[in-house]
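> See run_25.txt below, with compact mmCIF, C-alpha atoms.
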# COMPACT_ATOMS: atom_id res chain seq x y z
CA MET A 1 75.71 36.73 11.36
CA ILE A 2 72.57 34.83 12.13
CA LYS A 3 69.88 36.92 10.53
CA ALA A 4 66.66 35.17 11.19
CA LEU A 5 64.91 32.06 12.32
CA LEU A 6 61.95 31.64 10.07
CA SER A 7 58.92 29.51 10.67
CA LEU A 8 57.88 28.09 7.35
CA THR A 9 55.44 25.46 6.27
CA LEU A 10 56.71 21.92 6.01
CA GLY A 11 56.10 21.82 2.30
CA LEU A 12 58.72 24.41 1.42
CA ALA A 13 61.59 22.08 0.79
CA MET A 14 60.29 18.79 2.08
CA SER A 15 61.32 17.12 -1.13
CA ALA A 16 64.85 18.34 -0.62
CA VAL A 17 65.43 16.23 2.45
CA SER A 18 63.20 13.33 1.47
CA HIS A 19 65.63 12.11 -1.19
CA ALA A 20 68.54 11.81 1.18
CA HIS A 21 70.33 8.48 1.47
CA HIS A 22 69.59 8.55 5.19
CA SER A 23 66.88 9.58 7.59
CA SER A 24 66.35 13.32 7.95
CA ALA A 25 65.15 12.91 11.52
CA MET A 26 68.04 14.99 12.85
CA PHE A 27 66.71 18.11 11.11
CA ASP A 28 63.97 20.27 12.60
CA LYS A 29 61.89 20.73 9.47
CA SER A 30 59.44 23.03 11.20
CA LYS A 31 62.08 25.77 11.13
CA VAL A 32 64.42 27.30 8.60
CA MET A 33 67.54 29.12 9.76
CA GLU A 34 69.06 31.84 7.60
CA VAL A 35 72.62 33.08 7.99
CA THR A 36 75.10 35.18 6.08
CA ALA A 37 78.21 33.10 5.64
CA THR A 38 81.50 32.62 3.86
CA VAL A 39 82.04 29.36 1.99
CA THR A 40 85.20 27.56 3.06
CA GLU A 41 84.78 24.36 1.06
CA PHE A 42 82.29 22.70 -1.28
CA GLN A 43 82.34 18.90 -1.34
CA TRP A 44 80.80 17.68 -4.60
CA THR A 45 80.59 14.08 -3.46
CA ASN A 46 78.25 11.14 -3.04
CA PRO A 47 76.03 10.39 -1.32
CA HIS A 48 75.60 14.07 -0.43
CA VAL A 49 77.21 17.38 -1.27
CA TRP A 50 78.40 19.49 1.66
CA ILE A 51 78.73 23.24 1.91
CA GLU A 52 81.23 24.16 4.59
CA ILE A 53 80.75 27.70 5.84
CA THR A 54 81.90 30.05 8.55
CA VAL A 55 79.37 32.21 10.32
CA THR A 56 79.99 35.14 12.64
CA SER A 57 77.94 34.49 15.75
CA ASP A 58 76.13 37.18 17.67
CA ASP A 59 79.07 37.55 20.05
CA GLY A 60 81.49 38.06 17.16
CA ALA A 61 83.08 34.63 17.17
CA GLU A 62 83.69 32.72 13.93
CA GLU A 63 81.83 29.41 13.85
CA ALA A 64 82.18 26.56 11.37
CA TRP A 65 78.96 24.99 10.08
CA SER A 66 78.35 22.03 7.78
CA ILE A 67 75.32 22.23 5.53
CA GLU A 68 74.25 19.00 3.86
CA GLY A 69 72.68 18.95 0.41
CA LEU A 70 71.28 16.18 -1.73
CA GLY A 71 73.32 13.92 -3.98
CA PRO A 72 75.34 15.46 -6.80
CA ASN A 73 73.59 13.49 -9.55
CA GLY A 74 70.13 14.85 -8.92
CA LEU A 75 71.48 18.31 -8.16
CA PHE A 76 73.37 18.33 -11.47
CA ARG A 77 70.10 17.61 -13.29
CA ASN A 78 68.64 20.60 -11.48
CA GLY A 79 71.34 23.02 -12.57
CA TRP A 80 74.00 22.61 -9.91
CA ARG A 81 77.62 22.17 -10.95
CA PRO A 82 80.78 20.98 -9.18
CA ASP A 83 81.83 24.62 -8.82
CA SER A 84 78.46 26.01 -7.80
CA PHE A 85 80.05 27.13 -4.54
CA LYS A 86 83.63 28.32 -4.29
CA ALA A 87 85.77 28.96 -1.25
CA GLY A 88 85.47 32.62 -0.40
CA ASP A 89 81.93 33.04 -1.78
CA ARG A 90 79.87 35.31 0.40
CA ILE A 91 76.35 33.90 0.57
CA GLU A 92 73.08 33.98 2.38
CA ILE A 93 72.06 30.41 3.11
CA ARG A 94 68.92 28.82 4.51
CA PHE A 95 68.78 25.39 6.08
CA TYR A 96 66.85 23.17 8.45
CA PRO A 97 68.65 23.35 11.79
CA MET A 98 69.55 20.29 13.82
CA HIS A 99 67.16 19.37 16.61
CA ASP A 100 70.02 19.35 19.09
CA GLY A 101 71.35 22.78 18.11
CA SER A 102 74.64 21.53 16.71
CA ASN A 103 76.41 23.38 13.90
CA ALA A 104 74.92 21.57 10.93
CA GLY A 105 71.79 21.65 8.83
CA GLY A 106 69.88 20.42 5.82
CA PHE A 107 70.20 22.71 2.81
CA VAL A 108 67.13 24.65 1.70
CA GLY A 109 68.48 27.48 -0.46
CA ALA A 110 71.32 29.92 -1.06
CA ARG A 111 71.55 33.40 -2.53
CA PHE A 112 74.84 34.73 -3.84
CA SER A 113 76.00 38.35 -3.81
CA ASP A 114 75.13 38.64 -7.52
CA GLY A 115 71.56 37.58 -6.83
CA ARG A 116 71.97 34.05 -8.16
CA VAL A 117 69.89 31.50 -6.27
CA LEU A 118 70.27 27.75 -5.74
CA GLY A 119 67.52 25.74 -4.14
CA SER A 120 64.42 27.31 -2.66
CA TRP A 121 64.43 31.04 -1.85
CA ASN A 122 60.81 32.17 -1.76
CA MET B 1 88.40 8.94 -55.64
CA ARG B 2 86.18 7.87 -52.76
CA PRO B 3 82.95 5.98 -53.39
CA SER B 4 79.76 7.55 -52.09
CA GLY B 5 77.08 6.37 -49.67
CA GLY B 6 77.38 3.35 -47.42
CA SER B 7 80.40 1.86 -49.08
CA TRP B 8 82.33 5.08 -48.38
CA GLY B 9 81.71 4.54 -44.69
CA ILE B 10 82.76 0.89 -44.79
CA ILE B 11 85.95 1.65 -46.66
CA SER B 12 86.67 4.52 -44.26
CA VAL B 13 86.43 2.16 -41.32
CA ILE B 14 88.66 -0.37 -43.06
CA GLU B 15 91.21 2.31 -43.84
CA ALA B 16 91.01 3.74 -40.33
CA GLY B 17 93.10 0.99 -38.80
CA PRO B 18 92.67 -1.29 -35.78
CA VAL B 19 92.54 1.42 -33.08
CA VAL B 20 89.52 3.15 -34.60
CA GLN B 21 87.95 -0.20 -35.43
CA MET B 22 88.28 -1.29 -31.79
CA ARG B 23 86.60 1.92 -30.67
CA LEU B 24 83.72 1.25 -33.02
CA ILE B 25 83.03 -2.24 -31.65
CA PRO B 26 80.66 -1.00 -28.89
CA ILE B 27 78.69 0.94 -31.50
CA PHE B 28 78.41 -2.13 -33.73
CA LEU B 29 77.32 -4.24 -30.74
CA PHE B 30 74.74 -1.64 -29.73
CA LEU B 31 73.35 -1.52 -33.26
CA ALA B 32 73.27 -5.32 -33.42
CA CYS B 33 71.46 -5.56 -30.09
CA THR B 34 69.03 -2.85 -31.03
CA SER B 35 68.23 -4.59 -34.27
CA LEU B 36 67.73 -7.89 -32.47
CA VAL B 37 65.38 -6.30 -29.94
CA GLU B 38 63.42 -4.56 -32.67
CA ALA B 39 63.30 -7.74 -34.73
CA GLN B 40 61.67 -9.53 -31.82
CA GLY B 41 59.09 -6.81 -31.48
CA LEU B 42 60.23 -5.77 -28.02
CA PRO B 43 59.39 -2.27 -26.84
CA ASP B 44 61.71 0.71 -26.69
CA TRP B 45 62.57 1.26 -23.04
CA THR B 46 65.84 3.01 -23.79
CA GLY B 47 66.86 6.23 -22.13
CA VAL B 48 66.91 7.43 -18.55
CA TRP B 49 63.84 7.32 -16.33
CA GLN B 50 62.73 8.54 -12.95
CA ARG B 51 59.99 7.50 -10.58
CA VAL B 52 56.65 9.31 -10.81
CA GLU B 53 55.22 8.51 -7.38
CA GLY B 54 57.06 10.49 -4.74
CA ASN B 55 56.01 10.68 -1.08
CA GLY B 56 59.63 10.28 -0.08
CA GLY B 57 59.78 6.80 -1.52
CA MET B 58 56.66 5.48 0.22
CA PHE B 59 56.18 2.19 -1.59
CA ASP B 60 52.39 2.10 -1.89
CA VAL B 61 51.29 5.68 -2.41
CA SER B 62 47.67 4.68 -3.13
CA THR B 63 47.06 3.60 0.48
CA THR B 64 49.28 6.16 2.17
CA THR B 65 47.89 8.23 5.02
CA PRO B 66 47.95 11.12 5.12
CA PRO B 67 47.81 11.15 1.29
CA ASP B 68 50.82 13.48 1.07
CA GLY B 69 52.69 11.64 3.82
CA PHE B 70 56.41 11.12 3.28
CA ALA B 71 58.10 7.86 4.19
CA GLY B 72 60.19 8.59 7.25
CA THR B 73 57.92 11.32 8.55
CA PRO B 74 56.26 10.46 11.87
CA GLY B 75 52.63 9.48 11.36
CA ALA B 76 52.91 8.65 7.66
CA ARG B 77 52.26 5.05 6.65
CA GLN B 78 50.71 2.81 4.01
CA HIS B 79 48.00 0.21 4.58
CA PRO B 80 48.80 -3.18 3.04
CA PRO B 81 46.61 -6.14 4.05
CA LEU B 82 48.98 -7.14 6.83
CA THR B 83 48.49 -10.02 9.21
CA GLU B 84 48.22 -9.10 12.86
CA ALA B 85 51.77 -10.19 13.58
CA TRP B 86 53.26 -8.21 10.67
CA GLU B 87 51.14 -5.16 11.40
CA ALA B 88 52.79 -5.28 14.84
CA LYS B 89 56.22 -5.38 13.17
CA TYR B 90 55.26 -2.37 11.06
CA GLN B 91 53.96 -0.54 14.12
CA ALA B 92 57.25 -1.18 15.89
CA ASN B 93 59.17 0.33 12.97
CA LEU B 94 56.76 3.28 12.79
CA ALA B 95 57.55 3.92 16.45
CA LEU B 96 61.25 3.93 15.60
CA VAL B 97 60.54 6.45 12.82
CA ALA B 98 58.75 8.67 15.34
CA ALA B 99 61.80 8.45 17.60
CA GLY B 100 64.18 9.19 14.72
CA ARG B 101 65.82 5.80 15.14
CA LEU B 102 64.78 3.65 12.19
CA ALA B 103 68.02 2.37 10.75
CA ASP B 104 67.49 2.24 6.98
CA PRO B 105 69.75 -0.57 5.69
CA ILE B 106 70.71 1.37 2.55
CA SER B 107 71.98 4.27 4.65
CA ARG B 108 74.95 2.12 5.65
CA CYS B 109 76.22 2.32 2.06
CA GLY B 110 76.78 -0.94 0.24
CA THR B 111 73.57 -2.69 1.28
CA PRO B 112 71.25 -3.04 -1.73
CA ALA B 113 67.72 -1.69 -1.61
CA GLY B 114 66.43 -5.07 -2.79
CA PHE B 115 63.25 -5.89 -4.66
CA PRO B 116 60.59 -4.53 -4.70
CA ARG B 117 61.95 -1.39 -3.01
CA LEU B 118 64.24 -0.73 -5.94
CA LEU B 119 61.17 0.37 -7.91
CA ALA B 120 60.66 3.29 -5.51
CA LEU B 121 64.08 4.91 -5.33
CA PRO B 122 65.11 8.50 -6.00
CA ASP B 123 67.55 9.39 -8.81
CA VAL B 124 67.27 7.68 -12.20
CA TYR B 125 66.70 4.29 -13.78
CA GLU B 126 67.74 2.47 -16.93
CA PHE B 127 65.83 -0.53 -18.30
CA ILE B 128 67.97 -2.66 -20.59
CA VAL B 129 65.82 -4.93 -22.73
CA ARG B 130 67.21 -7.98 -24.46
CA PRO B 131 65.19 -10.91 -25.76
CA GLU B 132 66.68 -13.28 -23.22
CA GLN B 133 67.00 -10.92 -20.26
CA THR B 134 66.02 -7.51 -18.96
CA TRP B 135 68.12 -5.53 -16.53
CA ILE B 136 66.84 -2.82 -14.21
CA LEU B 137 69.66 -0.49 -13.25
CA THR B 138 69.10 2.06 -10.51
CA GLU B 139 71.48 4.96 -10.17
CA ASN B 140 70.74 5.23 -6.45
CA GLY B 141 72.52 2.45 -4.64
CA PRO B 142 73.33 1.40 -7.31
CA ASN B 143 71.18 -1.71 -7.74
CA ILE B 144 71.06 -4.28 -10.51
CA MET B 145 68.05 -6.52 -11.06
CA ARG B 146 68.14 -9.34 -13.59
CA ILE B 147 64.95 -10.71 -15.11
CA TYR B 148 65.46 -13.83 -17.23
CA THR B 149 63.11 -14.27 -20.17
CA ASP B 150 64.88 -17.13 -21.94
CA GLY B 151 62.45 -19.77 -20.76
CA ARG B 152 64.27 -20.83 -17.63
CA LYS B 153 62.39 -21.56 -14.41
CA HIS B 154 63.12 -20.54 -10.84
CA PRO B 155 65.90 -22.66 -9.31
CA PRO B 156 64.73 -25.73 -7.38
CA PRO B 157 64.81 -25.80 -3.57
CA GLY B 158 68.38 -26.19 -2.41
CA GLU B 159 69.68 -24.06 -5.26
CA ILE B 160 68.12 -20.79 -4.18
CA TRP B 161 68.74 -18.77 -1.03
CA PRO B 162 67.53 -15.40 0.24
CA THR B 163 69.07 -12.50 -1.67
CA PHE B 164 68.26 -8.82 -1.93
CA THR B 165 66.74 -8.94 -5.41
CA GLY B 166 65.71 -12.59 -5.34
CA ASP B 167 65.28 -14.64 -8.52
CA SER B 168 63.17 -13.30 -11.38
CA VAL B 169 61.99 -15.23 -14.43
CA GLY B 170 59.34 -14.26 -16.92
CA ARG B 171 58.28 -13.77 -20.50
CA TRP B 172 57.16 -11.19 -22.99
CA LEU B 173 53.49 -11.05 -23.92
CA GLY B 174 53.47 -8.56 -26.73
CA ASP B 175 54.86 -5.33 -25.31
CA THR B 176 54.36 -6.44 -21.71
CA LEU B 177 57.08 -7.96 -19.58
CA GLU B 178 55.64 -10.41 -17.07
CA PHE B 179 57.82 -11.94 -14.39
CA THR B 180 57.72 -13.49 -10.95
CA THR B 181 60.24 -12.90 -8.20
CA ILE B 182 60.98 -15.21 -5.27
CA GLY B 183 63.84 -15.74 -2.86
CA MET B 184 63.99 -12.21 -1.46
CA ILE B 185 65.74 -11.68 1.85
CA GLY B 186 62.80 -9.84 3.38
CA ALA B 187 62.63 -8.21 6.80
CA GLU B 188 65.96 -9.67 7.84
CA GLN B 189 67.88 -6.99 5.97
CA THR B 190 65.49 -4.88 3.90
CA VAL B 191 62.64 -2.44 4.26
CA LEU B 192 60.31 -1.36 1.49
CA ASP B 193 60.72 2.28 2.36
CA ARG B 194 61.72 4.60 5.16
CA SER B 195 58.37 4.21 6.92
CA GLY B 196 59.69 0.81 7.96
CA MET B 197 57.34 -1.38 5.92
CA VAL B 198 58.64 -4.95 5.76
CA LEU B 199 57.75 -8.23 4.06
CA SER B 200 58.92 -11.73 4.85
CA HIS B 201 61.34 -13.97 2.97
CA GLU B 202 58.25 -15.91 1.81
CA ALA B 203 57.09 -13.04 -0.40
CA ARG B 204 56.33 -13.90 -4.01
CA ILE B 205 55.78 -11.04 -6.43
CA ALA B 206 54.19 -11.12 -9.89
CA THR B 207 55.05 -8.03 -11.91
CA ARG B 208 53.77 -6.68 -15.23
CA MET B 209 55.63 -3.83 -16.91
CA TYR B 210 54.57 -1.99 -20.04
CA LEU B 211 54.49 1.43 -21.67
CA THR B 212 51.27 3.35 -21.27
CA ASP B 213 49.71 5.39 -24.05
CA ASP B 214 51.10 8.56 -22.47
CA GLY B 215 54.65 7.25 -22.50
CA LEU B 216 55.01 6.21 -18.90
CA LEU B 217 56.55 2.90 -17.95
CA ARG B 218 54.05 1.24 -15.63
CA ALA B 219 54.82 -1.54 -13.16
CA GLU B 220 51.91 -3.48 -11.66
CA LEU B 221 52.85 -5.67 -8.74
CA THR B 222 50.81 -8.39 -7.07
CA ILE B 223 52.52 -9.29 -3.83
CA GLU B 224 51.72 -12.50 -1.99
CA ASP B 225 53.29 -13.34 1.34
CA ARG B 226 51.80 -16.17 3.40
CA LEU B 227 53.47 -14.85 6.55
CA ALA B 228 52.96 -11.10 6.26
CA LEU B 229 49.79 -10.61 4.17
CA THR B 230 46.22 -11.78 4.53
CA GLU B 231 45.54 -11.38 0.79
CA PRO B 232 47.43 -10.23 -2.33
CA TRP B 233 48.68 -6.66 -2.14
CA HIS B 234 48.41 -4.72 -5.40
CA VAL B 235 50.84 -1.87 -5.93
CA VAL B 236 51.35 0.26 -9.05
CA ARG B 237 54.36 2.42 -9.79
CA HIS B 238 55.24 4.55 -12.81
CA PHE B 239 58.37 5.95 -14.39
CA SER B 240 58.73 8.91 -16.75
CA ARG B 241 61.44 9.23 -19.38
CA LEU B 242 63.88 12.12 -19.00
CA PRO B 243 64.83 14.22 -22.04
CA GLU B 244 66.95 12.53 -24.69
CA GLY B 245 70.63 12.79 -23.91
CA SER B 246 70.14 12.56 -20.15
CA ARG B 247 72.80 10.58 -18.34
CA ALA B 248 73.01 8.31 -15.34
CA TYR B 249 76.04 8.73 -13.10
CA ASP B 250 78.07 6.95 -10.45
CA TYR B 251 76.49 6.90 -7.03
CA ALA B 252 79.34 5.56 -4.85
CA CYS B 253 77.61 5.87 -1.49
CA ALA B 254 80.79 5.23 0.50
CA GLU B 255 82.72 8.01 -1.26
CA ASN B 256 82.04 10.59 1.44
CA ASN B 257 79.42 9.20 3.81
CA ARG B 258 79.29 11.69 6.66
CA ASN B 259 76.18 10.15 8.18
CA PRO B 260 77.08 6.92 10.00
CA ILE B 261 74.35 5.11 11.92
CA THR B 262 74.82 4.05 15.53
CA ASP B 263 73.79 0.70 16.97
CA ALA B 264 70.83 2.57 18.49
CA GLY B 265 69.67 3.53 15.01
CA GLN B 266 70.61 7.20 15.26
CA THR B 267 71.94 8.87 12.12
CA LEU B 268 74.95 10.98 13.09
CA THR B 269 76.49 13.90 11.25
CA LEU B 270 80.26 14.25 10.88
CA ASP B 271 82.17 17.47 10.32
CA VAL B 272 84.65 17.96 7.52
CA GLU B 273 87.37 16.27 9.58
CA GLY B 274 85.22 13.27 10.43
CA LYS B 275 84.35 14.27 13.99
CA VAL B 276 80.80 13.82 15.27
CA ILE B 277 78.89 17.11 15.24
CA ASP B 278 75.82 15.91 17.13
CA LYS B 279 75.52 17.22 20.65
CA VAL B 280 73.11 14.46 21.67
CA ILE B 281 73.98 10.79 21.17
CA GLN B 282 71.13 8.40 21.87
CA HIS B 283 71.66 5.02 23.50
CA ASP B 284 69.49 1.95 23.90
Would you mind writing the file's structure down as structure tokens?

Amino acid sequence: MIKALLSLTLGLAMSAVSHAHHSSAMFDKSKVMEVTATVTEFQWTNPHVWIEITVTSDDGAEEAWSIEGLGPNGLFRNGWRPDSFKAGDRIEIRFYPMHDGSNAGGFVGARFSDGRVLGSWN
Amino acid sequence: MRPSGGSWGIISVIEAGPVVQMRLIPIFLFLACTSLVEAQGLPDWTGVWQRVEGNGGMFDVSTTTPPDGFAGTPGARQHPPLTEAWEAKYQANLALVAAGRLADPISRCGTPAGFPRLLALPDVYEFIVRPEQTWILTENGPNIMRIYTDGRKHPPPGEIWPTFTGDSVGRWLGDTLEFTTIGMIGAEQTVLDRSGMVLSHEARIATRMYLTDDGLLRAELTIEDRLALTEPWHVVRHFSRLPEGSRAYDYACAENNRNPITDAGQTLTLDVEGKVIDKVIQHD
């Protein structure tokens, strides 16, 4: 379920999207969306990792979202691993939403049910 | 009874057979190269490095406005001594950035960053020093830059053509690598960063690289470009060494590129099945 739409300062995770292999113009970096989701797939691939999730919308429908992270090499050096996300993981995840409202976003942070955090979660 | 010390090791290798000996060849070569480099008094640039200046890869951080401006963020730019015509080119690209439609060549996967942009990339670097040549390897891309220090000159006209990294020749002055680079492809197929800064194919760059007292690898560039610049443009970039044992990895941009770029310069996003997610597709 979509829990919140937070207004955060640009500096929060600016660096996260500035190292992408492409422009981050599609993301609205003035906002951070937070949802509770179930991981369906984690793509540990270049040039970006992808966290595929399903989210229950406000009307109860299941929606598929694609959350884009940075490249695996830099993430590995920052503690990520190829199995950091597993299908079936229940997570809270924050991301920059797309300007056009489509079901994708730029990863900001994730919190697992055991309290473990990846990325920024302040 | 086995002998002790160094001879034990030699005899062990001899007794180990050809398979083990073959596996040891790279180690012997590495030790030989290392000794040769040390014998020539060349500096230790081994290990894995990363850029110090950030700003999203903005090439000249010292003239960037606003000072914390990120390349690719609307309103952020650097201020080289551009001619009027090339300032107009930069302004046109800055307008594309503001519209979210600057097509970064490297985003297409397979197009090199080129020089000098390759000194401002994310991810890590390796600097391979040999007496006759130095290689700059960038994980991001990846990119390879070759700098010849064996006394050769730039190729004569007719034997050089525009390429992404151009032609680099130079020399060692003590612990400082000095080299010049010409023959870069310029604005035809490269940008210096995601703000859309471009130089011409007439650019000529003199670079000095050396270790600072605090262990940073410093690159000082003097960029001349009779078409794009009114005077030499001085840019400094630094690299810091990552902890010993750090690794560089494959980059393989085309492995799973889910962000194709349209002819209009828009970066799209694909879902897990390869279908376009974007609800709005821009057109010229």
> Here is a test: counting all atoms listed in the file, which residue of A:Asp100, A:Asp28, A:Asp114, A:Glu68 is nearest to A:Trp50?
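Checking each candidate against A:Trp50, we get A:Glu68 as the closest.
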> Using all atoms listed in the file and a cut-off of 6 Å, which residues of chain B sit close to chain A? Please list them as a list in words.
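Output check: Gly56, Gly100, Ser107, Ala252, Cys253, Glu255, Asn256, Asp278 and Lys279 of chain B.
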> Closest to A:Ala110 among A:Gly88, A:Ala37, A:Asp83, A:Glu63, using all atoms listed in the file?
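Residue with the minimum atom-to-atom distance to A:Ala110: A:Ala37.
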> Could you jot down the atom CA of A:Gly69 to atom CA of A:Gly106 separation for me, Å, one decimal place?
6.3 Å
> If we count all atoms listed in the file, what is near stretch 67-73 of chain B at a cut-off of 7 Å, once residues fewer than 2 positions away on the same chain are taken out, given as a VMD selection string?
(chain A and resid 23) or (chain B and resid 55 to 58 64 to 65 75 to 77 97 193 to 195)
> How about saving the chosen residues, C-alpha atoms kept, as a short mmCIF file (atom, residue, chain, number, x, y, z; two decimals), in the frame of the given file?

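Full text of selection_6.cif as output:
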data_model
loop_
_atom_site.label_atom_id
_atom_site.label_comp_id
_atom_site.auth_asym_id
_atom_site.auth_seq_id
_atom_site.Cartn_x
_atom_site.Cartn_y
_atom_site.Cartn_z
CA SER A 23 66.88 9.58 7.59
CA ASN B 55 56.01 10.68 -1.08
CA GLY B 56 59.63 10.28 -0.08
CA GLY B 57 59.78 6.80 -1.52
CA MET B 58 56.66 5.48 0.22
CA THR B 64 49.28 6.16 2.17
CA THR B 65 47.89 8.23 5.02
CA GLY B 75 52.63 9.48 11.36
CA ALA B 76 52.91 8.65 7.66
CA ARG B 77 52.26 5.05 6.65
CA VAL B 97 60.54 6.45 12.82
CA ASP B 193 60.72 2.28 2.36
CA ARG B 194 61.72 4.60 5.16
CA SER B 195 58.37 4.21 6.92
#
> Mind pulling up the distance from atom CA of B:Asp225 to atom CA of B:Leu82?
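Pair atom CA of B:Leu82 / atom CA of B:Asp225 returns 9.3 Å.
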> Do you know which residues lie at most 10 Å from (74.3, 2.1, 18.1), with coordinates as in the file and only C-alpha atoms counted, and could you write them as a PyMOL selection string?
chain B and resi 101+103+260-267+281-284
> Excluding same-chain residues fewer than 5 positions from B:Arg258, what lies within 8 Å of it counting only C-alpha atoms, as number ranges by chain?
B: 268-271, 274
> Please rebuild stretch 78-89 of chain A with N, CA and C atoms and return the result as a CSV table (one decimal), in the frame of the given file.

chain,number,residue,atom,x,y,z
A,78,ASN,N,69.4,19.4,-11.8
A,78,ASN,CA,68.6,20.6,-11.5
A,78,ASN,C,69.5,21.9,-11.5
A,79,GLY,N,70.6,21.8,-12.3
A,79,GLY,CA,71.3,23.0,-12.6
A,79,GLY,C,72.6,23.3,-11.7
A,80,TRP,N,72.8,22.4,-10.7
A,80,TRP,CA,74.0,22.6,-9.9
A,80,TRP,C,75.2,22.1,-10.7
A,81,ARG,N,76.4,22.6,-10.3
A,81,ARG,CA,77.6,22.2,-11.0
A,81,ARG,C,78.7,22.0,-9.9
A,82,PRO,N,79.7,21.2,-10.2
A,82,PRO,CA,80.8,21.0,-9.2
A,82,PRO,C,81.4,22.3,-8.6
A,83,ASP,N,81.3,23.4,-9.3
A,83,ASP,CA,81.8,24.6,-8.8
A,83,ASP,C,80.7,25.6,-8.5
A,84,SER,N,79.6,25.1,-8.1
A,84,SER,CA,78.5,26.0,-7.8
A,84,SER,C,78.8,26.9,-6.6
A,85,PHE,N,79.6,26.3,-5.7
A,85,PHE,CA,80.0,27.1,-4.5
A,85,PHE,C,81.6,27.1,-4.6
A,86,LYS,N,82.2,28.2,-4.3
A,86,LYS,CA,83.6,28.3,-4.3
A,86,LYS,C,84.1,28.9,-2.9
A,87,ALA,N,85.2,28.4,-2.5
A,87,ALA,CA,85.8,29.0,-1.2
A,87,ALA,C,85.9,30.5,-1.4
A,88,GLY,N,85.4,31.2,-0.4
A,88,GLY,CA,85.5,32.6,-0.4
A,88,GLY,C,84.2,33.3,-0.8
A,89,ASP,N,83.2,32.5,-1.4
A,89,ASP,CA,81.9,33.0,-1.8
A,89,ASP,C,81.2,33.6,-0.5
